[in-house]
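**Student:** My structure file structure19.cif, mmCIF, C-alpha atoms, is below:
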data_work
loop_
_atom_site.label_atom_id
_atom_site.label_comp_id
_atom_site.auth_asym_id
_atom_site.auth_seq_id
_atom_site.Cartn_x
_atom_site.Cartn_y
_atom_site.Cartn_z
CA ASP A 1 16.04 -7.83 11.47
CA VAL A 2 13.21 -9.01 13.67
CA ILE A 3 13.38 -12.72 12.84
CA PRO A 4 16.77 -14.29 13.66
CA GLU A 5 18.66 -16.06 10.86
CA GLY A 6 17.68 -19.68 10.36
CA GLY A 7 14.73 -21.75 9.27
CA TRP A 8 12.06 -19.31 10.46
CA SER A 9 13.71 -16.46 8.58
CA ARG A 10 13.93 -18.48 5.38
CA GLY A 11 10.33 -19.63 5.77
CA ALA A 12 9.13 -16.06 6.29
CA SER A 13 11.13 -14.95 3.24
CA VAL A 14 9.55 -17.65 1.07
CA LEU A 15 6.06 -16.68 2.26
CA MET A 16 6.81 -13.00 1.59
CA LEU A 17 8.02 -13.86 -1.91
CA LEU A 18 4.82 -15.81 -2.59
CA HIS A 19 2.74 -12.91 -1.27
CA ILE A 20 4.54 -10.44 -3.54
CA ILE A 21 4.16 -12.70 -6.59
CA VAL A 22 0.43 -13.16 -6.02
CA SER A 23 -0.13 -9.45 -5.27
CA TYR A 24 1.83 -8.34 -8.31
CA THR A 25 0.09 -10.85 -10.58
CA ILE A 26 -3.36 -9.68 -9.50
CA THR A 27 -2.49 -6.01 -9.79
CA GLN A 28 -0.71 -6.24 -13.12
CA GLN A 29 -3.64 -8.16 -14.64
CA VAL A 30 -5.98 -5.28 -13.84
CA LEU A 31 -3.47 -2.67 -15.05
CA ALA A 32 -2.75 -4.56 -18.28
CA ARG A 33 -6.46 -4.88 -19.05
CA ALA A 34 -7.04 -1.18 -18.40
CA LEU A 35 -4.11 -0.21 -20.64
CA LEU A 36 -5.35 -2.43 -23.46
CA LEU A 37 -8.83 -0.93 -23.20
CA LEU A 38 -7.51 2.65 -23.06
CA GLY A 39 -5.18 2.05 -25.99
CA GLY A 40 -7.83 0.37 -28.07
CA PHE A 41 -5.83 -2.86 -28.42
CA HIS A 42 -8.77 -5.23 -28.12
CA CYS A 43 -6.75 -7.91 -29.89
CA GLY A 44 -4.99 -8.49 -26.55
CA PHE A 45 -8.19 -10.10 -25.24
CA GLN A 46 -8.52 -12.62 -28.07
CA ARG A 47 -7.78 -16.26 -27.38
CA SER A 48 -5.39 -16.50 -30.28
CA ALA A 49 -1.64 -16.49 -30.76
CA LYS A 50 -1.72 -12.77 -31.54
CA GLY A 51 -3.82 -11.97 -28.47
CA ARG A 52 -1.55 -13.99 -26.19
CA LEU A 53 1.53 -12.37 -27.71
CA VAL A 54 0.12 -8.87 -27.15
CA TRP A 55 -0.81 -9.75 -23.56
CA PHE A 56 2.61 -11.31 -22.91
CA ALA A 57 4.44 -8.32 -24.38
CA LEU A 58 2.42 -5.83 -22.34
CA THR A 59 2.69 -7.66 -19.02
CA THR A 60 6.41 -8.32 -19.54
CA THR A 61 6.97 -4.64 -20.35
CA LEU A 62 5.04 -3.62 -17.23
CA MET A 63 7.15 -5.96 -15.11
CA GLY A 64 10.35 -4.56 -16.60
CA CYS A 65 9.23 -0.98 -16.02
CA ALA A 66 8.31 -1.78 -12.41
CA PHE A 67 11.74 -3.32 -11.84
CA VAL A 68 13.61 -0.40 -13.40
CA MET A 69 11.60 2.15 -11.41
CA SER A 70 12.02 0.34 -8.10
CA GLU A 71 15.73 -0.14 -8.61
CA SER A 72 16.49 3.33 -9.95
CA ILE A 73 14.97 5.24 -7.02
CA PRO A 74 17.63 5.71 -4.34
CA LEU A 75 16.54 4.43 -0.93
CA PHE A 76 13.41 2.85 -2.43
CA SER A 77 12.70 0.65 0.59
CA ASP A 78 12.97 3.70 2.85
CA PHE A 79 10.58 5.55 0.54
CA VAL A 80 8.09 2.67 0.76
CA SER A 81 8.39 2.71 4.56
CA LEU A 82 7.77 6.45 4.61
CA MET A 83 4.64 6.05 2.49
CA GLY A 84 3.44 3.29 4.80
CA SER A 85 3.94 5.39 7.91
CA LEU A 86 2.25 8.39 6.32
CA LEU A 87 -0.76 6.59 4.86
CA SER A 88 -1.32 3.18 6.41
CA THR A 89 -2.44 4.30 9.86
CA GLN A 90 -4.43 7.19 8.44
CA MET A 91 -6.33 5.05 5.93
CA SER A 92 -6.93 2.18 8.36
CA PHE A 93 -7.83 3.99 11.57
CA THR A 94 -7.93 7.77 11.46
CA TYR A 95 -10.01 8.45 8.34
CA PRO A 96 -12.86 6.01 9.10
CA CYS A 97 -13.28 7.38 12.62
CA ALA A 98 -12.99 10.99 11.45
CA LEU A 99 -15.56 10.37 8.72
CA PHE A 100 -17.90 8.80 11.29
CA LEU A 101 -17.55 11.87 13.50
CA LEU A 102 -18.11 14.24 10.56
CA TYR A 103 -21.18 12.30 9.41
CA ARG A 104 -22.59 12.27 12.92
CA ARG A 105 -22.08 16.04 13.16
CA ALA A 106 -23.72 16.58 9.75
CA VAL A 107 -26.75 14.46 10.68
CA GLY A 108 -27.06 16.27 14.00
CA VAL A 109 -28.61 13.39 15.89
CA PRO A 110 -27.10 10.36 17.60
CA LEU A 111 -26.86 7.36 15.30
CA SER A 112 -27.48 4.87 18.10
CA PRO A 113 -29.40 5.08 21.35
CA GLY A 114 -27.73 6.53 24.47
CA TRP A 115 -24.52 4.98 25.75
CA VAL A 116 -23.75 3.21 22.46
CA ASP A 117 -23.50 6.53 20.62
CA ARG A 118 -21.46 8.17 23.38
CA GLY A 119 -19.11 5.16 23.48
CA ALA A 120 -18.66 5.17 19.69
CA VAL A 121 -17.93 8.90 19.67
CA TRP A 122 -15.47 8.61 22.57
CA ALA A 123 -13.72 5.60 20.99
CA SER A 124 -13.52 7.42 17.65
CA TYR A 125 -11.80 10.42 19.23
CA VAL A 126 -9.34 8.09 21.00
CA VAL A 127 -8.57 6.20 17.78
CA VAL A 128 -8.06 9.46 15.84
CA ALA A 129 -5.65 10.73 18.51
CA ILE A 130 -3.70 7.46 18.58
CA GLY A 131 -3.65 7.26 14.78
CA VAL A 132 -2.27 10.77 14.48
CA GLY A 133 0.35 9.97 17.14
CA PHE A 134 1.45 6.80 15.33
CA THR A 135 1.58 8.65 12.03
CA VAL A 136 3.74 11.44 13.42
CA GLN A 137 6.07 9.07 15.25
CA GLY A 138 6.41 6.68 12.30
CA THR A 139 7.00 9.51 9.86
CA LEU A 140 9.67 11.12 12.03
CA CYS A 141 11.40 7.77 12.52
CA ASN A 142 11.37 7.08 8.78
CA VAL A 143 12.67 10.54 7.91
CA ARG A 144 15.51 10.04 10.41
CA THR A 145 16.31 6.66 8.82
CA ILE A 146 16.30 8.17 5.32
CA VAL A 147 18.68 10.92 6.43
CA GLN A 148 21.01 8.38 8.06
CA HIS A 149 21.02 6.15 4.97
CA ALA A 150 21.54 9.11 2.64
CA ARG A 151 24.52 10.32 4.70
CA SER A 152 26.08 6.86 4.77
CA GLY A 153 25.89 6.56 0.98
CA ALA A 154 23.40 3.70 1.02
CA GLY A 155 20.73 3.45 -1.59
CA VAL A 156 22.70 3.94 -4.75
CA PRO A 157 20.53 3.08 -7.77
CA PHE A 158 20.99 -0.47 -9.03
#
Go ahead and render the structure in this file as structure tokens.
**Tutor:**
Amino acid sequence: DVIPEGGWSRGASVLMLLHIIVSYTITQQVLARALLLLGGFHCGFQRSAKGRLVWFALTTTLMGCAFVMSESIPLFSDFVSLMGSLLSTQMSFTYPCALFLLYRRAVGVPLSPGWVDRGAVWASYVVVAIGVGFTVQGTLCNVRTIVQHARSGAGVPF
């Protein structure tokens, strides 16, 4: 990969593991709470043995389901990369600039005086063009990788 084998690679792996644990813990807390509220299991919020048992059972079940789903989808890491190339650049760069340009057109007047408005509009068009280019290139590269991995027999579930 990008980082050569050794101490730096192990350090980066440990930091990535910690990042995933923290991200998953935060996300699953919100999901578990929403599921308890939707299902009407308010006992899961009680500070009692029953409440803790319900919470533990739900969060453990969610973790198990997440594991089974991620491991049963062939080429899951390639699928995640494809979603990243399709959505990450668009959500981070293209959509905000496109929405700015659409809002400016809807308002019909410059949002800032003179050169500031022209510079913002010009920069927004440039960012949209670059974002679309990165999205297309990243998507094509990921599709090519998925095809190569599928032909080689990689990505067998579990």
**Student:** Quick one, how far is atom CA of A:His149 from atom CA of A:Leu75?
**Tutor:**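 Rounded to one decimal, the two atoms are 7.6 Å apart.
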**Student:** One number please: atom CA of A:Phe67 to atom CA of A:Trp8, in Å, one decimal.
**Tutor:** 27.4 Å
**Student:** Which residue is closest to A:Ile146? Choose from A:Gly6, A:Gly114, A:Gly131, A:Pro74 and count only C-alpha atoms.
**Tutor:**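 The closest residue to A:Ile146 is A:Pro74.
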**Student:** Compile the contact shell of A:Ser77 as a list in words: residues with an atom at most 10 Å away, counting all atoms listed in the file, same-chain residues fewer than 6 positions apart removed.
**Tutor:** Ser70, Glu71, Met83, Ile146 and Gly155 of chain A
**Student:** For A:Ala150, which residue out of A:Phe76, A:Leu58, A:Leu87, A:Ala123 is the nearest one, using only C-alpha atoms?
**Tutor:**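 That would be A:Phe76, the residue with the smallest distance to A:Ala150.
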**Student:** Please determine, counting all atoms listed in the file, which residue among A:Ile21, A:Leu62, A:Leu15, A:Ala49 has the shortest atom-to-atom distance to A:Arg33.
**Tutor:**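 Counting all atoms listed in the file, the residue closest to A:Arg33 is A:Leu62.
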**Student:** Rounded to one decimal, what separation in Å do you get between atom CA of A:Trp115 and atom CA of A:Thr94?
**Tutor:**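 According to the coordinates, atom CA of A:Trp115 and atom CA of A:Thr94 are separated by 22.1 Å.
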**Student:** Please provide the set of residues having any atom within 10 Å of stretch 135-142 of chain A, restricted to all atoms listed in the file, with same-chain residues fewer than 5 positions apart removed, written as an MDAnalysis selection string.
**Tutor:** chainID A and resid 78:90 94 129:130 147:148
**Student:** Using only C-alpha atoms, find all polymer residues with an atom at most 12 Å away from the point (-13.1, 11.0, 20.1); report them as a list in words.
**Tutor:** Thr94, Cys97, Ala98, Leu99, Phe100, Leu101, Leu102, Arg104, Asp117, Arg118, Gly119, Ala120, Val121, Trp122, Ala123, Ser124, Tyr125, Val126, Val127, Val128, Ala129, Ile130 and Gly131 of chain A
**Student:** Evaluated on this file, the PyMOL selection byres ((chain A and resi 56) around 12) picks out some residues - which ones are they, written as a PyMOL selection string?
**Tutor:** chain A and resi 28-29+32-33+36+44-45+49-55+57-63
**Student:** Can you save stretch 67-82 of chain A of the given block to a file, including all heavy atoms and formatted as a short mmCIF file (atom, residue, chain, number, x, y, z; two decimals), in the first residue's frame?
**Tutor:**
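Result file is part_37.cif:
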data_model
loop_
_atom_site.label_atom_id
_atom_site.label_comp_id
_atom_site.auth_asym_id
_atom_site.auth_seq_id
_atom_site.Cartn_x
_atom_site.Cartn_y
_atom_site.Cartn_z
N PHE A 67 -21.33 -6.73 11.07
CA PHE A 67 -20.24 -7.64 10.68
C PHE A 67 -20.69 -8.59 9.59
O PHE A 67 -20.00 -8.77 8.58
CB PHE A 67 -19.74 -8.43 11.90
CG PHE A 67 -18.76 -9.48 11.53
CD1 PHE A 67 -17.45 -9.15 11.22
CD2 PHE A 67 -19.13 -10.82 11.48
CE1 PHE A 67 -16.54 -10.12 10.86
CE2 PHE A 67 -18.23 -11.79 11.13
CZ PHE A 67 -16.93 -11.45 10.82
N VAL A 68 -21.84 -9.22 9.76
CA VAL A 68 -22.33 -10.18 8.78
C VAL A 68 -22.55 -9.50 7.43
O VAL A 68 -22.17 -10.04 6.38
CB VAL A 68 -23.62 -10.87 9.28
CG1 VAL A 68 -24.29 -11.65 8.17
CG2 VAL A 68 -23.30 -11.78 10.45
N MET A 69 -23.14 -8.30 7.44
CA MET A 69 -23.38 -7.61 6.18
C MET A 69 -22.08 -7.23 5.49
O MET A 69 -21.94 -7.39 4.28
CB MET A 69 -24.25 -6.38 6.40
CG MET A 69 -25.69 -6.72 6.72
SD MET A 69 -26.73 -5.28 6.81
CE MET A 69 -26.72 -4.75 5.11
N SER A 70 -21.12 -6.72 6.24
CA SER A 70 -19.87 -6.29 5.62
C SER A 70 -19.07 -7.47 5.10
O SER A 70 -18.37 -7.35 4.09
CB SER A 70 -19.03 -5.47 6.60
OG SER A 70 -18.56 -6.30 7.64
N GLU A 71 -19.16 -8.60 5.77
CA GLU A 71 -18.40 -9.76 5.33
C GLU A 71 -19.11 -10.58 4.26
O GLU A 71 -18.48 -11.34 3.54
CB GLU A 71 -18.08 -10.67 6.53
CG GLU A 71 -17.10 -10.06 7.50
CD GLU A 71 -15.75 -9.76 6.86
OE1 GLU A 71 -15.23 -10.61 6.12
OE2 GLU A 71 -15.24 -8.65 7.08
N SER A 72 -20.41 -10.44 4.14
CA SER A 72 -21.14 -11.25 3.16
C SER A 72 -21.25 -10.59 1.79
O SER A 72 -21.61 -11.24 0.82
CB SER A 72 -22.54 -11.59 3.68
OG SER A 72 -23.29 -10.41 3.85
N ILE A 73 -20.92 -9.32 1.70
CA ILE A 73 -20.96 -8.63 0.41
C ILE A 73 -19.62 -8.84 -0.28
O ILE A 73 -18.57 -8.42 0.24
CB ILE A 73 -21.24 -7.12 0.58
CG1 ILE A 73 -22.61 -6.93 1.20
CG2 ILE A 73 -21.12 -6.39 -0.74
CD1 ILE A 73 -22.93 -5.49 1.55
N PRO A 74 -19.62 -9.51 -1.44
CA PRO A 74 -18.35 -9.70 -2.16
C PRO A 74 -17.75 -8.34 -2.53
O PRO A 74 -18.46 -7.41 -2.89
CB PRO A 74 -18.75 -10.47 -3.41
CG PRO A 74 -20.08 -11.06 -3.11
CD PRO A 74 -20.74 -10.14 -2.13
N LEU A 75 -16.45 -8.26 -2.43
CA LEU A 75 -15.71 -7.05 -2.78
C LEU A 75 -16.21 -5.82 -2.01
O LEU A 75 -16.36 -4.73 -2.55
CB LEU A 75 -15.81 -6.79 -4.29
CG LEU A 75 -15.36 -7.94 -5.20
CD1 LEU A 75 -15.71 -7.65 -6.64
CD2 LEU A 75 -13.90 -8.22 -5.05
N PHE A 76 -16.46 -6.00 -0.71
CA PHE A 76 -17.02 -4.93 0.11
C PHE A 76 -16.11 -3.70 0.13
O PHE A 76 -16.59 -2.57 0.01
CB PHE A 76 -17.28 -5.41 1.53
CG PHE A 76 -17.92 -4.38 2.41
CD1 PHE A 76 -19.26 -4.06 2.26
CD2 PHE A 76 -17.19 -3.72 3.38
CE1 PHE A 76 -19.87 -3.11 3.06
CE2 PHE A 76 -17.78 -2.76 4.19
CZ PHE A 76 -19.12 -2.46 4.03
N SER A 77 -14.82 -3.90 0.27
CA SER A 77 -13.91 -2.74 0.32
C SER A 77 -13.93 -1.99 -1.01
O SER A 77 -13.83 -0.77 -1.04
CB SER A 77 -12.50 -3.18 0.68
OG SER A 77 -11.98 -4.04 -0.31
N ASP A 78 -14.06 -2.73 -2.12
CA ASP A 78 -14.17 -2.06 -3.41
C ASP A 78 -15.48 -1.29 -3.52
O ASP A 78 -15.53 -0.21 -4.10
CB ASP A 78 -14.07 -3.08 -4.55
CG ASP A 78 -12.68 -3.69 -4.67
OD1 ASP A 78 -11.72 -3.06 -4.18
OD2 ASP A 78 -12.57 -4.79 -5.23
N PHE A 79 -16.54 -1.85 -2.97
CA PHE A 79 -17.84 -1.18 -2.96
C PHE A 79 -17.76 0.12 -2.15
O PHE A 79 -18.28 1.15 -2.57
CB PHE A 79 -18.90 -2.12 -2.38
CG PHE A 79 -20.25 -1.50 -2.24
CD1 PHE A 79 -21.03 -1.24 -3.36
CD2 PHE A 79 -20.76 -1.18 -0.99
CE1 PHE A 79 -22.29 -0.67 -3.24
CE2 PHE A 79 -22.00 -0.61 -0.86
CZ PHE A 79 -22.76 -0.35 -1.99
N VAL A 80 -17.09 0.08 -1.00
CA VAL A 80 -16.93 1.27 -0.17
C VAL A 80 -16.11 2.32 -0.92
O VAL A 80 -16.43 3.52 -0.90
CB VAL A 80 -16.28 0.91 1.18
CG1 VAL A 80 -15.89 2.15 1.96
CG2 VAL A 80 -17.21 0.05 2.00
N SER A 81 -15.07 1.89 -1.62
CA SER A 81 -14.27 2.83 -2.42
C SER A 81 -15.09 3.45 -3.53
O SER A 81 -14.95 4.65 -3.81
CB SER A 81 -13.06 2.11 -3.01
OG SER A 81 -12.19 1.67 -2.02
N LEU A 82 -15.94 2.66 -4.17
CA LEU A 82 -16.80 3.19 -5.23
C LEU A 82 -17.75 4.24 -4.67
O LEU A 82 -17.94 5.30 -5.27
CB LEU A 82 -17.58 2.05 -5.90
CG LEU A 82 -18.55 2.46 -6.99
CD1 LEU A 82 -17.80 3.08 -8.17
CD2 LEU A 82 -19.36 1.27 -7.44
#
